[in-house]
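For reference, my_file-v5.tsv is printed below; it contains TSV, C-alpha atoms and all ligand atoms.
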```
chain	number	residue	atom	x	y	z
A	17	MET	CA	19.70	11.00	11.42
A	18	THR	CA	20.12	10.84	7.66
A	19	ILE	CA	18.08	8.31	5.75
A	20	ASP	CA	20.25	6.91	3.04
A	21	PHE	CA	19.55	4.21	0.46
A	22	THR	CA	23.08	3.60	-0.85
A	23	ASP	CA	23.46	-0.04	-1.96
A	24	ARG	CA	19.72	-0.61	-1.63
A	25	ILE	CA	17.85	-1.98	-4.61
A	26	ALA	CA	14.28	-0.79	-4.95
A	27	ILE	CA	11.33	-1.58	-7.19
A	28	VAL	CA	8.60	1.00	-7.57
A	29	THR	CA	5.56	-0.12	-9.55
A	30	GLY	CA	3.56	2.39	-11.55
A	31	ALA	CA	6.54	4.76	-11.38
A	32	GLY	CA	6.12	6.25	-14.84
A	33	GLY	CA	4.27	9.25	-13.41
A	34	GLY	CA	2.57	10.76	-10.38
A	35	LEU	CA	3.54	9.46	-6.95
A	36	GLY	CA	5.59	6.49	-8.18
A	37	ARG	CA	7.84	8.74	-10.25
A	38	ALA	CA	8.39	11.03	-7.25
A	39	TYR	CA	9.30	8.03	-5.04
A	40	ALA	CA	11.69	6.65	-7.68
A	41	LEU	CA	13.46	9.98	-8.19
A	42	GLU	CA	14.05	10.53	-4.48
A	43	LEU	CA	15.10	6.93	-3.79
A	44	ALA	CA	17.66	7.25	-6.59
A	45	ARG	CA	18.80	10.66	-5.36
A	46	ARG	CA	19.46	9.07	-1.99
A	47	GLY	CA	21.57	6.31	-3.51
A	48	ALA	CA	19.19	3.44	-4.33
A	49	LYS	CA	19.29	1.57	-7.60
A	50	VAL	CA	15.72	1.70	-8.80
A	51	VAL	CA	13.60	-0.47	-11.05
A	52	VAL	CA	11.05	1.89	-12.56
A	53	ASN	CA	8.10	-0.31	-13.42
A	54	ASP	CA	5.21	1.03	-15.45
A	55	LEU	CA	2.96	-0.34	-18.10
A	56	GLY	CA	2.37	3.22	-19.22
A	57	ALA	CA	-1.39	2.80	-19.06
A	58	SER	CA	-4.03	5.51	-19.16
A	59	ARG	CA	-6.00	6.20	-15.98
A	60	ASP	CA	-8.49	3.40	-16.66
A	61	GLY	CA	-5.72	0.88	-17.27
A	62	THR	CA	-5.88	0.78	-21.08
A	63	GLY	CA	-3.00	1.47	-23.48
A	64	HIS	CA	0.79	1.52	-23.18
A	65	SER	CA	3.55	4.13	-23.26
A	66	ASP	CA	7.26	4.44	-22.52
A	67	ALA	CA	6.61	6.39	-19.30
A	68	ALA	CA	8.98	4.14	-17.29
A	69	LEU	CA	11.81	4.76	-19.72
A	70	GLN	CA	11.40	8.51	-19.43
A	71	VAL	CA	11.68	8.37	-15.64
A	72	VAL	CA	14.81	6.22	-15.93
A	73	GLN	CA	16.28	8.90	-18.19
A	74	GLU	CA	15.42	11.58	-15.62
A	75	ILE	CA	17.15	9.57	-12.91
A	76	GLU	CA	20.22	9.00	-15.06
A	77	VAL	CA	20.47	12.67	-16.02
A	78	ALA	CA	20.47	13.46	-12.29
A	79	GLY	CA	23.35	11.00	-11.81
A	80	GLY	CA	21.33	8.09	-10.43
A	81	ILE	CA	21.05	4.43	-11.40
A	82	ALA	CA	17.82	2.92	-12.68
A	83	MET	CA	16.34	0.38	-15.08
A	84	SER	CA	12.94	0.47	-16.67
A	85	ASN	CA	10.43	-2.34	-16.68
A	86	GLY	CA	7.27	-2.29	-18.74
A	87	GLY	CA	5.65	-5.34	-17.14
A	88	SER	CA	2.09	-5.37	-15.82
A	89	VAL	CA	1.63	-5.99	-12.12
A	90	THR	CA	-1.35	-8.16	-13.04
A	91	GLU	CA	1.01	-10.73	-14.64
A	92	TYR	CA	2.86	-12.69	-11.97
A	93	ASP	CA	5.37	-14.12	-14.48
A	94	GLN	CA	6.32	-10.63	-15.62
A	95	MET	CA	6.91	-9.59	-12.02
A	96	VAL	CA	9.10	-12.66	-11.42
A	97	GLU	CA	11.09	-11.74	-14.53
A	98	MET	CA	11.43	-8.14	-13.33
A	99	VAL	CA	12.84	-9.32	-10.00
A	100	SER	CA	15.24	-11.73	-11.78
A	101	LYS	CA	16.57	-8.91	-13.94
A	102	ALA	CA	17.12	-6.65	-10.92
A	103	LYS	CA	18.93	-9.47	-9.11
A	104	GLU	CA	21.08	-10.28	-12.15
A	105	ALA	CA	22.08	-6.65	-12.58
A	106	TRP	CA	22.42	-5.55	-8.99
A	107	GLY	CA	22.35	-8.66	-6.76
A	108	GLY	CA	19.13	-8.37	-4.75
A	109	VAL	CA	15.92	-6.48	-4.02
A	110	HIS	CA	15.53	-4.70	-0.69
A	111	ILE	CA	12.58	-2.41	-1.24
A	112	LEU	CA	9.25	-2.79	-3.00
A	113	ILE	CA	6.76	0.03	-3.29
A	114	ASN	CA	3.47	-1.30	-4.63
A	115	ASN	CA	2.08	1.84	-6.20
A	116	ALA	CA	0.61	0.95	-9.61
A	117	GLY	CA	-3.06	1.67	-9.91
A	118	ILE	CA	-6.04	2.47	-12.10
A	119	LEU	CA	-9.53	3.84	-11.66
A	120	ARG	CA	-12.89	2.65	-12.99
A	121	ASP	CA	-15.19	4.90	-10.95
A	122	LYS	CA	-18.97	4.44	-11.08
A	123	SER	CA	-21.71	4.16	-8.51
A	124	PHE	CA	-22.12	0.52	-7.49
A	125	ALA	CA	-25.55	0.50	-9.14
A	126	LYS	CA	-23.90	1.21	-12.51
A	127	MET	CA	-20.63	-0.66	-12.02
A	128	GLU	CA	-20.12	-3.68	-14.26
A	129	PRO	CA	-18.53	-6.74	-12.61
A	130	VAL	CA	-15.65	-6.48	-15.08
A	131	ASP	CA	-14.79	-2.99	-13.74
A	132	PHE	CA	-14.88	-4.31	-10.20
A	133	ASP	CA	-12.62	-7.24	-11.07
A	134	LEU	CA	-10.07	-5.24	-13.03
A	135	VAL	CA	-9.55	-2.65	-10.30
A	136	VAL	CA	-9.15	-5.37	-7.67
A	137	LYS	CA	-6.81	-7.22	-10.04
A	138	VAL	CA	-4.47	-4.27	-10.56
A	139	HIS	CA	-4.35	-2.91	-7.01
A	140	LEU	CA	-4.81	-5.92	-4.77
A	141	SER	CA	-3.73	-8.95	-6.82
A	142	GLY	CA	-1.08	-6.81	-8.55
A	143	SER	CA	0.48	-5.88	-5.20
A	144	ALA	CA	0.29	-9.50	-4.06
A	145	ASN	CA	1.98	-10.59	-7.32
A	146	CYS	CA	4.90	-8.18	-6.93
A	147	THR	CA	5.29	-8.93	-3.25
A	148	LYS	CA	5.24	-12.67	-3.88
A	149	ALA	CA	7.84	-12.19	-6.62
A	150	VAL	CA	10.29	-10.53	-4.16
A	151	TRP	CA	9.30	-12.37	-0.98
A	152	GLU	CA	11.71	-15.31	-1.17
A	153	THR	CA	14.60	-13.00	-2.05
A	154	MET	CA	13.81	-10.79	0.94
A	155	ARG	CA	13.58	-13.82	3.21
A	156	GLU	CA	16.96	-15.12	1.99
A	157	GLN	CA	18.53	-11.69	2.47
A	158	ASN	CA	16.98	-11.30	5.91
A	159	TYR	CA	16.02	-7.84	4.78
A	160	GLY	CA	12.97	-6.43	3.08
A	161	ARG	CA	10.82	-3.33	3.13
A	162	VAL	CA	7.44	-3.47	1.43
A	163	LEU	CA	4.98	-0.61	1.10
A	164	MET	CA	1.37	-1.06	0.04
A	165	THR	CA	-0.59	1.89	-1.31
A	166	ALA	CA	-4.03	2.16	0.21
A	167	SER	CA	-6.32	5.16	0.03
A	168	SER	CA	-8.79	7.14	2.09
A	169	THR	CA	-11.43	5.39	-0.01
A	170	GLY	CA	-10.30	2.02	1.32
A	171	LEU	CA	-9.96	3.19	4.89
A	172	TYR	CA	-13.04	5.40	5.07
A	173	GLY	CA	-15.10	5.04	1.85
A	174	ASN	CA	-15.98	7.22	-1.12
A	175	PHE	CA	-19.06	7.39	-3.33
A	176	GLY	CA	-18.43	5.82	-6.73
A	177	GLN	CA	-15.36	3.80	-5.76
A	178	ALA	CA	-16.66	0.46	-4.45
A	179	ASN	CA	-14.13	-1.48	-6.55
A	180	TYR	CA	-11.22	0.75	-5.60
A	181	GLY	CA	-12.17	0.93	-1.92
A	182	ALA	CA	-12.47	-2.85	-1.63
A	183	ALA	CA	-9.04	-3.31	-3.22
A	184	LYS	CA	-7.44	-0.59	-1.10
A	185	LEU	CA	-8.68	-1.85	2.25
A	186	GLY	CA	-7.64	-5.31	1.06
A	187	LEU	CA	-4.09	-3.97	0.83
A	188	ALA	CA	-4.16	-2.88	4.48
A	189	GLY	CA	-5.33	-6.42	5.25
A	190	LEU	CA	-2.49	-7.89	3.19
A	191	THR	CA	-0.04	-5.75	5.18
A	192	LYS	CA	-1.42	-7.03	8.47
A	193	THR	CA	-0.63	-10.66	7.69
A	194	LEU	CA	2.60	-10.12	5.75
A	195	TYR	CA	4.11	-8.05	8.57
A	196	LEU	CA	3.59	-11.06	10.85
A	197	GLU	CA	4.98	-13.57	8.34
A	198	GLY	CA	7.94	-11.36	7.44
A	199	ALA	CA	8.99	-10.36	10.95
A	200	LYS	CA	11.46	-13.15	11.62
A	201	ASN	CA	13.32	-12.35	8.38
A	202	ASN	CA	13.47	-8.60	9.04
A	203	ILE	CA	10.85	-7.86	6.43
A	204	ARG	CA	8.75	-4.86	7.40
A	205	VAL	CA	5.47	-4.15	5.69
A	206	ASN	CA	3.50	-0.92	5.88
A	207	THR	CA	0.54	0.80	4.26
A	208	LEU	CA	0.43	4.35	2.93
A	209	ALA	CA	-2.73	6.29	2.15
A	210	PRO	CA	-1.54	9.23	0.04
A	211	VAL	CA	-3.39	12.33	-1.08
A	212	ALA	CA	-1.73	13.94	-4.07
A	213	GLY	CA	-2.40	16.04	-7.11
A	214	THR	CA	-1.72	13.63	-9.98
A	215	ARG	CA	-3.58	12.69	-13.13
A	216	MET	CA	-5.61	10.34	-10.91
A	217	THR	CA	-7.01	13.31	-9.00
A	218	ALA	CA	-6.67	15.99	-11.69
A	219	ASP	CA	-10.43	16.39	-12.10
A	220	ILE	CA	-11.15	16.23	-8.35
A	221	PHE	CA	-8.84	18.86	-6.88
A	222	PRO	CA	-9.33	22.57	-7.53
A	223	GLU	CA	-6.20	24.14	-9.12
A	224	GLN	CA	-4.85	25.64	-5.88
A	225	ALA	CA	-5.24	22.41	-3.95
A	226	PHE	CA	-3.55	20.52	-6.77
A	227	ALA	CA	-0.36	22.49	-6.14
A	228	ALA	CA	-0.55	22.15	-2.35
A	229	PHE	CA	-0.97	18.41	-2.73
A	230	ALA	CA	2.19	17.93	-4.81
A	231	PRO	CA	3.38	14.28	-4.80
A	232	GLU	CA	6.70	15.50	-3.31
A	233	ASN	CA	4.84	16.02	-0.02
A	234	VAL	CA	4.00	12.30	0.14
A	235	VAL	CA	7.55	11.16	-0.66
A	236	PRO	CA	8.99	11.63	2.88
A	237	ALA	CA	6.41	9.28	4.40
A	238	ALA	CA	6.87	6.65	1.69
A	239	LEU	CA	10.66	6.73	1.99
A	240	TYR	CA	10.63	6.56	5.78
A	241	LEU	CA	8.30	3.54	5.58
A	242	VAL	CA	10.81	1.67	3.36
A	243	SER	CA	13.92	2.81	5.20
A	244	GLU	CA	16.14	0.73	7.47
A	245	GLU	CA	14.46	2.35	10.50
A	246	ALA	CA	10.93	1.71	9.23
A	247	PRO	CA	8.24	0.50	11.60
A	248	SER	CA	6.10	-2.46	10.57
A	249	ASN	CA	2.32	-2.74	10.27
A	250	ALA	CA	1.76	1.02	10.26
A	251	ILE	CA	-1.01	2.69	8.25
A	252	ILE	CA	0.10	6.23	7.49
A	253	GLY	CA	-1.74	8.94	5.64
A	254	ALA	CA	0.13	11.75	3.87
A	255	GLY	CA	-0.90	14.79	1.87
A	256	ALA	CA	0.12	18.44	1.50
A	257	GLY	CA	2.62	18.17	4.36
A	258	VAL	CA	0.22	16.58	6.86
A	259	TYR	CA	1.14	13.10	8.07
A	260	HIS	CA	-1.17	10.99	10.25
A	261	ALA	CA	-1.79	7.43	11.34
A	262	ALA	CA	-4.87	5.25	10.89
A	263	TYR	CA	-5.77	2.25	13.01
A	264	VAL	CA	-8.06	-0.74	13.00
A	265	THR	CA	-9.28	-0.84	16.57
A	266	MET	CA	-11.32	-3.11	18.83
A	267	THR	CA	-13.65	-1.88	21.54
A	268	PRO	CA	-13.68	-3.74	24.86
A	269	GLY	CA	-17.23	-4.85	24.00
A	270	ALA	CA	-19.84	-6.39	26.25
A	271	LEU	CA	-20.25	-9.93	27.59
A	272	LEU	CA	-23.96	-10.64	27.41
A	273	PRO	CA	-25.66	-13.20	29.63
A	274	PRO	CA	-27.09	-16.20	27.70
A	275	ASP	CA	-30.67	-14.92	27.71
A	276	GLN	CA	-29.55	-11.63	26.11
A	277	ARG	CA	-27.66	-13.29	23.23
A	278	THR	CA	-30.45	-12.42	20.85
A	279	PRO	CA	-30.81	-9.76	18.14
A	280	GLU	CA	-32.90	-7.82	20.68
A	281	GLY	CA	-30.13	-8.21	23.26
A	282	ILE	CA	-27.61	-6.83	20.78
A	283	ALA	CA	-29.89	-3.86	20.11
A	284	ALA	CA	-30.24	-3.19	23.83
A	285	ALA	CA	-26.46	-3.42	24.42
A	286	TRP	CA	-25.48	-1.49	21.25
A	287	SER	CA	-24.05	1.54	23.03
A	288	ARG	CA	-21.93	-0.70	25.33
A	289	ILE	CA	-20.74	-2.87	22.40
A	290	THR	CA	-19.66	0.16	20.38
A	291	ASP	CA	-18.34	2.29	23.26
A	292	ARG	CA	-14.82	3.27	22.26
A	293	SER	CA	-13.46	3.97	25.73
A	294	GLY	CA	-10.64	1.55	26.41
A	295	GLU	CA	-10.45	0.37	22.78
A	296	ILE	CA	-7.23	-1.32	21.68
A	297	VAL	CA	-5.30	-1.73	18.43
A	298	PRO	CA	-4.78	-5.50	18.09
A	299	GLN	CA	-1.43	-6.46	16.58
A	300	SER	CA	-2.79	-9.75	15.21
A	301	GLY	CA	-6.11	-11.49	14.71
A	302	ALA	CA	-5.41	-13.75	17.69
A	303	GLU	CA	-5.84	-10.77	19.99
A	304	GLN	CA	-9.57	-10.72	19.30
A	305	SER	CA	-9.92	-14.20	20.79
A	306	MET	CA	-7.60	-13.26	23.67
A	307	VAL	CA	-9.76	-10.25	24.55
A	308	ILE	CA	-12.87	-12.46	24.40
A	309	MET	CA	-11.23	-15.14	26.58
A	310	SER	CA	-10.12	-12.61	29.17
A	311	LYS	CA	-13.65	-11.18	29.27
A	312	LEU	CA	-15.02	-14.69	29.85
A	313	GLN	CA	-12.55	-15.11	32.70
A	314	GLY	CA	-13.79	-11.83	34.14
A	315	SER	CA	-10.46	-9.99	33.96
A	401	LIG	P1	-1.06	7.76	-11.61
A	401	LIG	O1	-2.20	7.36	-12.49
A	401	LIG	O2	-0.25	8.94	-11.98
A	401	LIG	O3	-0.07	6.54	-11.39
A	401	LIG	C1	-0.43	5.20	-11.49
A	401	LIG	C2	0.56	4.53	-12.41
A	401	LIG	O4	0.31	3.11	-12.40
A	401	LIG	C3	0.45	4.99	-13.86
A	401	LIG	O5	1.69	5.49	-14.30
A	401	LIG	C4	0.02	3.73	-14.62
A	401	LIG	O6	0.56	3.64	-15.93
A	401	LIG	C5	0.55	2.63	-13.72
A	401	LIG	N1	-0.14	1.36	-13.93
A	401	LIG	C6	-1.47	1.14	-14.09
A	401	LIG	N2	-1.72	-0.15	-14.26
A	401	LIG	C7	-0.52	-0.79	-14.21
A	401	LIG	C8	-0.13	-2.15	-14.30
A	401	LIG	N3	-1.03	-3.12	-14.50
A	401	LIG	N4	1.18	-2.46	-14.19
A	401	LIG	C9	2.12	-1.49	-14.00
A	401	LIG	N5	1.79	-0.18	-13.90
A	401	LIG	C10	0.49	0.16	-14.00
A	401	LIG	O7	-1.72	7.97	-10.17
A	401	LIG	P2	-1.10	8.33	-8.73
A	401	LIG	O8	-2.01	9.31	-8.13
A	401	LIG	O9	0.33	8.62	-8.81
A	401	LIG	O10	-1.35	6.95	-7.95
A	401	LIG	C11	-0.35	6.15	-7.38
A	401	LIG	C12	-0.98	5.24	-6.35
A	401	LIG	O11	-1.48	6.02	-5.26
A	401	LIG	C13	-2.16	4.42	-6.86
A	401	LIG	O12	-2.13	3.14	-6.28
A	401	LIG	C14	-3.35	5.20	-6.36
A	401	LIG	O13	-4.49	4.39	-6.22
A	401	LIG	C15	-2.83	5.68	-5.03
A	401	LIG	N6	-3.55	6.79	-4.48
A	401	LIG	C16	-3.43	8.03	-5.03
A	401	LIG	C17	-4.11	9.09	-4.46
A	401	LIG	C18	-3.97	10.46	-4.96
A	401	LIG	O14	-4.50	11.37	-4.30
A	401	LIG	N7	-3.30	10.68	-6.07
A	401	LIG	C19	-5.04	8.89	-3.33
A	401	LIG	C20	-5.03	7.56	-2.79
A	401	LIG	C21	-4.32	6.57	-3.38
```

If you took the structure in this file and wrote it as structure tokens, what would it be?
Amino acid sequence: MTIDFTDRIAIVTGAGGGLGRAYALELARRGAKVVVNDLGASRDGTGHSDAALQVVQEIEVAGGIAMSNGGSVTEYDQMVEMVSKAKEAWGGVHILINNAGILRDKSFAKMEPVDFDLVVKVHLSGSANCTKAVWETMREQNYGRVLMTASSTGLYGNFGQANYGAAKLGLAGLTKTLYLEGAKNNIRVNTLAPVAGTRMTADIFPEQAFAAFAPENVVPAALYLVSEEAPSNAIIGAGAGVYHAAYVTMTPGALLPPDQRTPEGIAAAWSRITDRSGEIVPQSGAEQSMVIMSKLQGS
């Protein structure tokens, strides 16, 4: 099976460098017309550059088709305009990779509210803005592939990244509702948690690891997740050639008799409540209530 993107129109946000650039180059190499969005910001989100334009030039030199967009994902109107321009030039938008991001790392004790808000604004609200800007088009086309970029910090936590982690797990949450709302219009929505040597991780990875974690090793997972054959509602991790899945699960839990529905009763039943044998991966929030109802009915 060859995964081909001929006649597909893709938007990659934050594609002026790092992972986004690698996604844009490979999408274009496989035939997609690509909007390379990037504000050209520094790692903390300040400043501007023509990074997007440079990636467009790289794509064109390699024989691909691309347009640059310098809009900020935090500005909904700019994202709407970006989508309009892609539609005017090429007739639609089939793929959106929400990849733009910044860091404002500090322990929570030292983190100013403004640094919390800005990181959530770029990652979470920014992805919602771009997705909202393409959503109606994807519904009309009866075709859409949307990828959110989460992170191990969002899924599992990391010291000094409360703002980033909150935004990143929020993106997995956004996926979980959008995949339900998009299903009847063939819109599939997934979450990727990459690990890559980029400027974002330049001071974290030792030199050798930096090379092993080249962004090109994340590209296959990202492209599969926006391909025609993509699943929906998957959370996939990718780094250095290792690809894995992550799940939000639910344990079978314990039905406590009325006299044990106390904090003390919870303490006493803790190991039964948290016992993972027989846990499930609910496909929607309603499944939580269904599991509870079936427990009440004794099945
Ligand atoms: P990067 O810093 O090279 O790329 C992020 C890009 O987003 C930059 O080019 C930046 O100019 C752009 N950007 C920032 N604010 C923007 C805005 N408001 N509008 C448009 N563009 C904006 O970093 P990297 O590593 O390539 O990160 C890509 C994504 O992957 C990010 O969402 C990041 O959080 C995520 N990620 C990366 C990991 C890694 O190991 N590199 C780990 C987990 C997640």

Could you please give me, as a VMD selection string, the residues of protein, DNA or RNA lying at most 8 Å from (-3.1, 16.3, -4.3) in the coordinate frame of the file, considering all atoms listed in the file?
-> chain A and resid 211 to 214 217 221 225 to 231 255 to 256

Take the residues just selected and output them with C-alpha atoms as a compact mmCIF listing (two decimals), in the frame of the given file.
```txt
# COMPACT_ATOMS: atom_id res chain seq x y z
CA VAL A 211 -3.39 12.33 -1.08
CA ALA A 212 -1.73 13.94 -4.07
CA GLY A 213 -2.40 16.04 -7.11
CA THR A 214 -1.72 13.63 -9.98
CA THR A 217 -7.01 13.31 -9.00
CA PHE A 221 -8.84 18.86 -6.88
CA ALA A 225 -5.24 22.41 -3.95
CA PHE A 226 -3.55 20.52 -6.77
CA ALA A 227 -0.36 22.49 -6.14
CA ALA A 228 -0.55 22.15 -2.35
CA PHE A 229 -0.97 18.41 -2.73
CA ALA A 230 2.19 17.93 -4.81
CA PRO A 231 3.38 14.28 -4.80
CA GLY A 255 -0.90 14.79 1.87
CA ALA A 256 0.12 18.44 1.50
```

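Shortest separation to ligand LIG 401 (chain A) among A:Asp219, A:Asp23, A:Glu244, A:Glu74 occurs at residue A:Asp219, atoms counted being only C-alpha atoms and all ligand atoms.
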
Hey, what's within 8 Å of Asn206 of chain A if we count all atoms listed in the file and toss same-chain stuff fewer than 5 positions away? As number ranges by chain, please?
-> A: 162-164, 191, 195, 241, 247-251

Neighbours of ligand LIG 401 (chain A) within 6 Å, counting only C-alpha atoms and all ligand atoms, as a ChimeraX atom specification?
-> /A:29-36,54-59,61,88-90,115-118,138,165-167,209-217

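Proximity ranking of A:Asp133, A:Glu232, A:Glu152, A:Glu303 relative to Val99 of chain A places A:Glu152 first, based on all atoms listed in the file.
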
Ala270 of chain A: which residues within 10 Å, counting only C-alpha atoms, same-chain residues fewer than 6 positions away excluded, as a PyMOL selection string?
-> chain A and resi 282+285-291+308+311

Selected residues, C-alpha atoms, written as a PDB file, in the frame of the given file, please.
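Generated file (result30.pdb):
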```
ATOM      1  CA  ILE A 282     -27.610  -6.830  20.780  1.00  0.00           C
ATOM      2  CA  ALA A 285     -26.460  -3.420  24.420  1.00  0.00           C
ATOM      3  CA  TRP A 286     -25.480  -1.490  21.250  1.00  0.00           C
ATOM      4  CA  SER A 287     -24.050   1.540  23.030  1.00  0.00           C
ATOM      5  CA  ARG A 288     -21.930  -0.700  25.330  1.00  0.00           C
ATOM      6  CA  ILE A 289     -20.740  -2.870  22.400  1.00  0.00           C
ATOM      7  CA  THR A 290     -19.660   0.160  20.380  1.00  0.00           C
ATOM      8  CA  ASP A 291     -18.340   2.290  23.260  1.00  0.00           C
ATOM      9  CA  ILE A 308     -12.870 -12.460  24.400  1.00  0.00           C
ATOM     10  CA  LYS A 311     -13.650 -11.180  29.270  1.00  0.00           C
TER      11      LYS A 311
END
```

Could you work out how far atom CA of Met83 of chain A lies from atom CA of Leu119 of chain A, giving the answer in Å with one decimal?
->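 A separation of 26.3 Å between them.
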
Atom CA of Val96 of chain A and atom CA of Trp151 of chain A, how far apart in Å?
-> 10.4 Å

Which one of A:Ile25, A:Ala284, A:Ala68, A:Val234 sits closest to Arg161 of chain A if you count only C-alpha atoms?
-> A:Ile25

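Using all atoms listed in the file, the nearest neighbour of Leu194 of chain A within the list A:Leu134, A:Ala144, A:Met266, A:Ala125 is A:Ala144.
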
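Note that the spacing between atom CA of Phe175 of chain A and atom CA of Asp121 of chain A amounts to 8.9 Å.
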
Rank nothing, just name the residue among A:Val242, A:Arg24, A:Gly181, A:Ala82 nearest to Asn114 of chain A, using all atoms listed in the file.
->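 Looking only at the distances to Asn114 of chain A, the closest residue turns out to be A:Val242.
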
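Considering the residues A:Val51, A:Met95, A:Val150, A:Leu239 and counting all atoms listed in the file, Ala254 of chain A has its shortest atom-to-atom contact with A:Leu239.
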
Show which residues sit within 6 Å of segment 185-189 of chain A, as number ranges by chain. Count only C-alpha atoms, and ignore same-chain residues fewer than 4 positions away.
-> A: 140, 170-171, 207

Residues of the last selection are to be written out with C-alpha atoms, as a PDB file, keeping the file's coordinate frame.
```
ATOM      1  CA  LEU A 140      -4.810  -5.920  -4.770  1.00  0.00           C
ATOM      2  CA  GLY A 170     -10.300   2.020   1.320  1.00  0.00           C
ATOM      3  CA  LEU A 171      -9.960   3.190   4.890  1.00  0.00           C
ATOM      4  CA  THR A 207       0.540   0.800   4.260  1.00  0.00           C
TER       5      THR A 207
END
```

Kindly list the centre and edge lengths in Å, rounded to one decimal, for the axis-aligned box that covers all listed atoms of segment 199-203 of chain A plus 5 Å on each of its six sides, as AutoDock Vina command-line options.
```
--center_x 11.2 --center_y -10.5 --center_z 9.0 --size_x 14.5 --size_y 15.3 --size_z 15.2
```

Counting only C-alpha atoms, what is within 10 Å of Gln177 of chain A, bar same-chain residues fewer than 6 positions away, as an MDAnalysis selection string?
-> chainID A and resid 119:124 127 132 135 169:170 183

Missing atoms in segment 76-88 of chain A: fill them in up to N, CA and C atoms and send the result as a PDB file, in the coordinates of the input.
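Wrote out_6.pdb, looks like this:
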```
ATOM      1  N   GLU A  76      18.834   9.072 -14.573  1.00  0.00           N
ATOM      2  CA  GLU A  76      20.220   9.000 -15.060  1.00  0.00           C
ATOM      3  C   GLU A  76      20.804  10.399 -15.282  1.00  0.00           C
ATOM      4  N   VAL A  77      19.995  11.291 -15.814  1.00  0.00           N
ATOM      5  CA  VAL A  77      20.470  12.670 -16.020  1.00  0.00           C
ATOM      6  C   VAL A  77      20.876  13.288 -14.680  1.00  0.00           C
ATOM      7  N   ALA A  78      20.150  12.914 -13.626  1.00  0.00           N
ATOM      8  CA  ALA A  78      20.470  13.460 -12.290  1.00  0.00           C
ATOM      9  C   ALA A  78      21.613  12.685 -11.623  1.00  0.00           C
ATOM     10  N   GLY A  79      22.188  11.716 -12.345  1.00  0.00           N
ATOM     11  CA  GLY A  79      23.350  11.000 -11.810  1.00  0.00           C
ATOM     12  C   GLY A  79      23.001   9.716 -11.068  1.00  0.00           C
ATOM     13  N   GLY A  80      21.753   9.300 -11.130  1.00  0.00           N
ATOM     14  CA  GLY A  80      21.330   8.090 -10.430  1.00  0.00           C
ATOM     15  C   GLY A  80      21.368   6.844 -11.305  1.00  0.00           C
ATOM     16  N   ILE A  81      21.013   5.713 -10.684  1.00  0.00           N
ATOM     17  CA  ILE A  81      21.050   4.430 -11.400  1.00  0.00           C
ATOM     18  C   ILE A  81      19.646   3.835 -11.406  1.00  0.00           C
ATOM     19  N   ALA A  82      19.178   3.454 -12.584  1.00  0.00           N
ATOM     20  CA  ALA A  82      17.820   2.920 -12.680  1.00  0.00           C
ATOM     21  C   ALA A  82      17.688   2.030 -13.903  1.00  0.00           C
ATOM     22  N   MET A  83      16.703   1.148 -13.875  1.00  0.00           N
ATOM     23  CA  MET A  83      16.340   0.380 -15.080  1.00  0.00           C
ATOM     24  C   MET A  83      14.831   0.428 -15.237  1.00  0.00           C
ATOM     25  N   SER A  84      14.389   0.406 -16.467  1.00  0.00           N
ATOM     26  CA  SER A  84      12.940   0.470 -16.670  1.00  0.00           C
ATOM     27  C   SER A  84      12.387  -0.936 -16.846  1.00  0.00           C
ATOM     28  N   ASN A  85      11.118  -1.067 -16.499  1.00  0.00           N
ATOM     29  CA  ASN A  85      10.430  -2.340 -16.680  1.00  0.00           C
ATOM     30  C   ASN A  85       8.996  -2.030 -17.096  1.00  0.00           C
ATOM     31  N   GLY A  86       8.600  -2.600 -18.216  1.00  0.00           N
ATOM     32  CA  GLY A  86       7.270  -2.290 -18.740  1.00  0.00           C
ATOM     33  C   GLY A  86       6.244  -3.364 -18.426  1.00  0.00           C
ATOM     34  N   GLY A  87       6.562  -4.239 -17.480  1.00  0.00           N
ATOM     35  CA  GLY A  87       5.650  -5.340 -17.140  1.00  0.00           C
ATOM     36  C   GLY A  87       4.388  -4.860 -16.441  1.00  0.00           C
ATOM     37  N   SER A  88       3.337  -5.678 -16.524  1.00  0.00           N
ATOM     38  CA  SER A  88       2.090  -5.370 -15.820  1.00  0.00           C
ATOM     39  C   SER A  88       2.070  -6.088 -14.477  1.00  0.00           C
TER      40      SER A  88
END
```
